[in-house]
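**Q** File follows, model_28.pdb with PDB, C-alpha atoms, pLDDT in the B column:
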```
ATOM      1  CA  MET A   1      19.593  -7.486   8.918  1.00 95.00           C
ATOM      2  CA  LYS A   2      17.487  -9.712   6.715  1.00 98.00           C
ATOM      3  CA  VAL A   3      15.577  -7.846   3.983  1.00 98.00           C
ATOM      4  CA  ALA A   4      12.633  -9.195   1.988  1.00 98.00           C
ATOM      5  CA  ALA A   5      11.771  -7.837  -1.453  1.00 98.00           C
ATOM      6  CA  VAL A   6       8.176  -8.946  -1.892  1.00 97.00           C
ATOM      7  CA  GLN A   7       6.679  -9.497  -5.321  1.00 95.00           C
ATOM      8  CA  LEU A   8       2.909  -9.512  -5.700  1.00 95.00           C
ATOM      9  CA  THR A   9       0.310  -8.628  -8.309  1.00 95.00           C
ATOM     10  CA  SER A  10      -2.133  -6.030  -7.064  1.00 95.00           C
ATOM     11  CA  THR A  11      -5.585  -5.479  -8.529  1.00 94.00           C
ATOM     12  CA  GLY A  12      -7.991  -2.552  -8.552  1.00 92.00           C
ATOM     13  CA  ASN A  13      -9.488  -3.640  -5.218  1.00 94.00           C
ATOM     14  CA  VAL A  14      -7.685  -1.916  -2.345  1.00 94.00           C
ATOM     15  CA  THR A  15      -9.200  -4.214   0.313  1.00 95.00           C
ATOM     16  CA  GLU A  16      -8.077  -7.378  -1.482  1.00 96.00           C
ATOM     17  CA  ASN A  17      -4.622  -5.885  -2.022  1.00 96.00           C
ATOM     18  CA  GLN A  18      -4.412  -4.993   1.662  1.00 97.00           C
ATOM     19  CA  GLU A  19      -5.156  -8.573   2.694  1.00 98.00           C
ATOM     20  CA  LEU A  20      -2.578  -9.905   0.213  1.00 98.00           C
ATOM     21  CA  ALA A  21       0.035  -7.431   1.470  1.00 98.00           C
ATOM     22  CA  LEU A  22      -0.638  -8.359   5.102  1.00 98.00           C
ATOM     23  CA  ALA A  23      -0.226 -12.055   4.291  1.00 98.00           C
ATOM     24  CA  LYS A  24       3.057 -11.392   2.460  1.00 98.00           C
ATOM     25  CA  ILE A  25       4.332  -9.277   5.355  1.00 98.00           C
ATOM     26  CA  ARG A  26       3.512 -12.060   7.827  1.00 98.00           C
ATOM     27  CA  GLU A  27       5.280 -14.592   5.590  1.00 98.00           C
ATOM     28  CA  ALA A  28       8.405 -12.442   5.210  1.00 98.00           C
ATOM     29  CA  ALA A  29       8.561 -11.694   8.934  1.00 98.00           C
ATOM     30  CA  GLY A  30       8.061 -15.381   9.656  1.00 98.00           C
ATOM     31  CA  ASN A  31      11.136 -16.071   7.524  1.00 98.00           C
ATOM     32  CA  GLY A  32      13.182 -13.625   9.590  1.00 98.00           C
ATOM     33  CA  ALA A  33      12.956 -10.425   7.543  1.00 98.00           C
ATOM     34  CA  ARG A  34      13.238  -7.207   9.550  1.00 98.00           C
ATOM     35  CA  LEU A  35      12.855  -4.857   6.558  1.00 98.00           C
ATOM     36  CA  ILE A  36      10.065  -5.770   4.136  1.00 98.00           C
ATOM     37  CA  VAL A  37       9.702  -3.911   0.835  1.00 98.00           C
ATOM     38  CA  LEU A  38       6.551  -4.275  -1.275  1.00 98.00           C
ATOM     39  CA  PRO A  39       5.879  -2.882  -4.791  1.00 96.00           C
ATOM     40  CA  GLU A  40       5.178   0.754  -5.573  1.00 94.00           C
ATOM     41  CA  ALA A  41       1.523   0.157  -6.472  1.00 94.00           C
ATOM     42  CA  THR A  42       0.580  -2.360  -3.806  1.00 96.00           C
ATOM     43  CA  ALA A  43      -2.618  -0.602  -2.726  1.00 95.00           C
ATOM     44  CA  GLN A  44      -4.005  -0.304  -6.256  1.00 93.00           C
ATOM     45  CA  ASN A  45      -2.512  -1.282  -9.608  1.00 92.00           C
ATOM     46  CA  PHE A  46      -1.889   1.249 -12.347  1.00 90.00           C
ATOM     47  CA  ARG A  47      -4.364  -0.386 -14.748  1.00 90.00           C
ATOM     48  CA  SER A  48      -7.393  -0.045 -12.468  1.00 86.00           C
ATOM     49  CA  GLY A  49      -8.617   3.327 -13.682  1.00 83.00           C
ATOM     50  CA  ARG A  50      -8.324   6.670 -11.951  1.00 82.00           C
ATOM     51  CA  LEU A  51      -5.898   6.278  -9.104  1.00 80.00           C
ATOM     52  CA  ASP A  52      -7.325   9.257  -7.218  1.00 79.00           C
ATOM     53  CA  GLU A  53     -10.724   7.590  -6.790  1.00 81.00           C
ATOM     54  CA  GLN A  54      -9.363   5.050  -4.293  1.00 84.00           C
ATOM     55  CA  ALA A  55      -6.484   7.090  -2.894  1.00 89.00           C
ATOM     56  CA  GLN A  56      -6.289   7.152   0.900  1.00 92.00           C
ATOM     57  CA  THR A  57      -4.525   9.274   3.461  1.00 91.00           C
ATOM     58  CA  LEU A  58      -1.814   7.826   5.674  1.00 93.00           C
ATOM     59  CA  GLU A  59      -4.484   7.637   8.388  1.00 95.00           C
ATOM     60  CA  GLY A  60      -6.764   5.568   6.113  1.00 95.00           C
ATOM     61  CA  PRO A  61      -7.538   1.858   6.465  1.00 97.00           C
ATOM     62  CA  PHE A  62      -4.801   0.591   4.098  1.00 97.00           C
ATOM     63  CA  ALA A  63      -1.856   2.372   5.730  1.00 97.00           C
ATOM     64  CA  THR A  64      -3.252   1.837   9.219  1.00 98.00           C
ATOM     65  CA  ALA A  65      -3.528  -1.930   8.699  1.00 98.00           C
ATOM     66  CA  ILE A  66       0.045  -2.120   7.378  1.00 98.00           C
ATOM     67  CA  GLN A  67       1.369   0.021  10.233  1.00 98.00           C
ATOM     68  CA  THR A  68      -0.483  -1.989  12.887  1.00 98.00           C
ATOM     69  CA  LEU A  69       0.916  -5.286  11.616  1.00 98.00           C
ATOM     70  CA  ALA A  70       4.435  -3.860  11.267  1.00 98.00           C
ATOM     71  CA  GLU A  71       4.340  -2.689  14.877  1.00 98.00           C
ATOM     72  CA  GLU A  72       2.953  -6.044  16.029  1.00 98.00           C
ATOM     73  CA  LEU A  73       5.682  -7.979  14.200  1.00 98.00           C
ATOM     74  CA  GLU A  74       8.385  -5.400  15.062  1.00 98.00           C
ATOM     75  CA  VAL A  75       9.398  -4.980  11.419  1.00 98.00           C
ATOM     76  CA  THR A  76       9.796  -2.051   9.045  1.00 98.00           C
ATOM     77  CA  VAL A  77       7.585  -2.113   5.954  1.00 98.00           C
ATOM     78  CA  VAL A  78       7.916  -0.039   2.791  1.00 98.00           C
ATOM     79  CA  VAL A  79       4.726  -0.188   0.721  1.00 97.00           C
ATOM     80  CA  GLY A  80       3.408   1.774  -2.245  1.00 94.00           C
ATOM     81  CA  MET A  81       0.036   3.476  -2.112  1.00 94.00           C
ATOM     82  CA  PHE A  82      -1.672   6.498  -3.600  1.00 90.00           C
ATOM     83  CA  CYS A  83      -2.548   9.476  -1.406  1.00 88.00           C
ATOM     84  CA  PRO A  84      -5.044  12.203  -2.295  1.00 84.00           C
ATOM     85  CA  ALA A  85      -3.513  15.275  -3.871  1.00 77.00           C
ATOM     86  CA  ASP A  86      -3.335  18.519  -1.901  1.00 75.00           C
ATOM     87  CA  THR A  87      -4.820  20.280  -4.916  1.00 73.00           C
ATOM     88  CA  VAL A  88      -6.552  19.112  -8.056  1.00 72.00           C
ATOM     89  CA  GLU A  89      -6.153  20.821 -11.399  1.00 75.00           C
ATOM     90  CA  ARG A  90      -8.837  20.388 -14.078  1.00 77.00           C
ATOM     91  CA  ASP A  91      -9.055  22.301 -17.322  1.00 82.00           C
ATOM     92  CA  GLY A  92      -6.277  24.606 -16.151  1.00 79.00           C
ATOM     93  CA  LYS A  93      -8.142  25.528 -12.932  1.00 78.00           C
ATOM     94  CA  THR A  94      -7.170  24.531  -9.410  1.00 74.00           C
ATOM     95  CA  ILE A  95     -10.079  23.021  -7.522  1.00 67.00           C
TER      96      ILE A  95
END
```
Do you think you could lay out the structure here as structure tokens?

**A**
Amino acid sequence: MKVAAVQLTSTGNVTENQELALAKIREAAGNGARLIVLPEATAQNFRSGRLDEQAQTLEGPFATAIQTLAEELEVTVVVGMFCPADTVERDGKTI
């Protein structure tokens, strides 16, 4: 099995990062990779402010776009994204 370890620089814009990730997945699959691994913070970089403000569920547009392309290309993709927390704690109180 051919594996691709993809390096990319994500920004604070989830939509731009999604398009970059999709392009890198297509490129890796085109080079024969069956397992494609992207960085831990592909959806949004760590320096872009509060990560929870752009966090998406696994049913959100970022994960859905990655999943759709992976199914289309018949590859497995591992990609880092931030999901909303089940609970939020502020000032010692659970919201």

**Q** When you look at stretch 1-18 of chain A with a cut-off of 7 Å (counting only C-alpha atoms), what residues show up, excluding the ones that are within fewer than 5 positions of it in the same chain? I need them as a PyMOL selection string.

**A** chain A and resi 28+32-39+42-45+48+62

**Q** Report the distance between atom CA of A:Ala70 and atom CA of A:Pro84 in Å, rounded to one decimal place.

**A** 23.1 Å

**Q** Have a look at A:Gly60, A:Asp91, A:Arg50, A:Ile25 and name the one nearest to A:Val78; count all atoms listed in the file.

**A**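 Of A:Gly60, A:Asp91, A:Arg50, A:Ile25, the one nearest A:Val78 is A:Ile25, counting all atoms listed in the file.
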
**Q** Can you pull out the residues contacting A:Leu22? Cut-off 9 Å, using only C-alpha atoms, and skip same-chain residues under 5 positions away; I want them as a ChimeraX atom specification.

**A** /A:17,27,65-66,69

**Q** To one decimal in Å, tell me the separation between atom CA of A:Ala85 and atom CA of A:Gln67.

**A** 21.3 Å

**Q** Give me, please, the distance in Å between atom CA of A:Glu72 and atom CA of A:Thr57, quoted to one decimal.

**A**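 Computing it gives 21.2 Å between the two atoms.
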
**Q** Please determine, counting all atoms listed in the file, which residue among A:Gly92, A:Phe46, A:Ala55, A:Ala21 has the shortest atom-to-atom distance to A:Val77.

**A**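 The answer is A:Ala21, which sits nearest to A:Val77.
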
**Q** From the set A:Gly49, A:Ala29, A:Glu59, A:Glu89, which residue has the shortest atom-to-atom contact distance to A:Glu71, counting all atoms listed in the file?

**A** A:Ala29

**Q** With the file shown as input, list the residues that the PyMOL selection byres ((chain A and resi 81) around 6) selects, as a compact mmCIF listing (two decimals) with C-alpha atoms, keeping the file's coordinate frame.

**A**
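Output below, filename expr28.txt:
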```
# COMPACT_ATOMS: atom_id res chain seq x y z
CA ALA A 41 1.52 0.16 -6.47
CA ALA A 43 -2.62 -0.60 -2.73
CA GLY A 80 3.41 1.77 -2.24
CA PHE A 82 -1.67 6.50 -3.60
```

**Q** Could you put an axis-aligned box around every listed atom of stretch 47-56 of chain A, padded by 4 Å on each side, and send me its centre and edge lengths in Å to one decimal, as AutoDock Vina command-line options?

**A**
```
--center_x -7.5 --center_y 4.4 --center_z -6.9 --size_x 14.4 --size_y 17.6 --size_z 23.6
```

**Q** Check the smallest atom-to-atom distance from each of A:Arg26, A:Glu40, A:Asn31, A:Thr87 to A:Thr68 using only C-alpha atoms, then report the winner.

**A**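 Selected residue with least distance to A:Thr68: A:Arg26.
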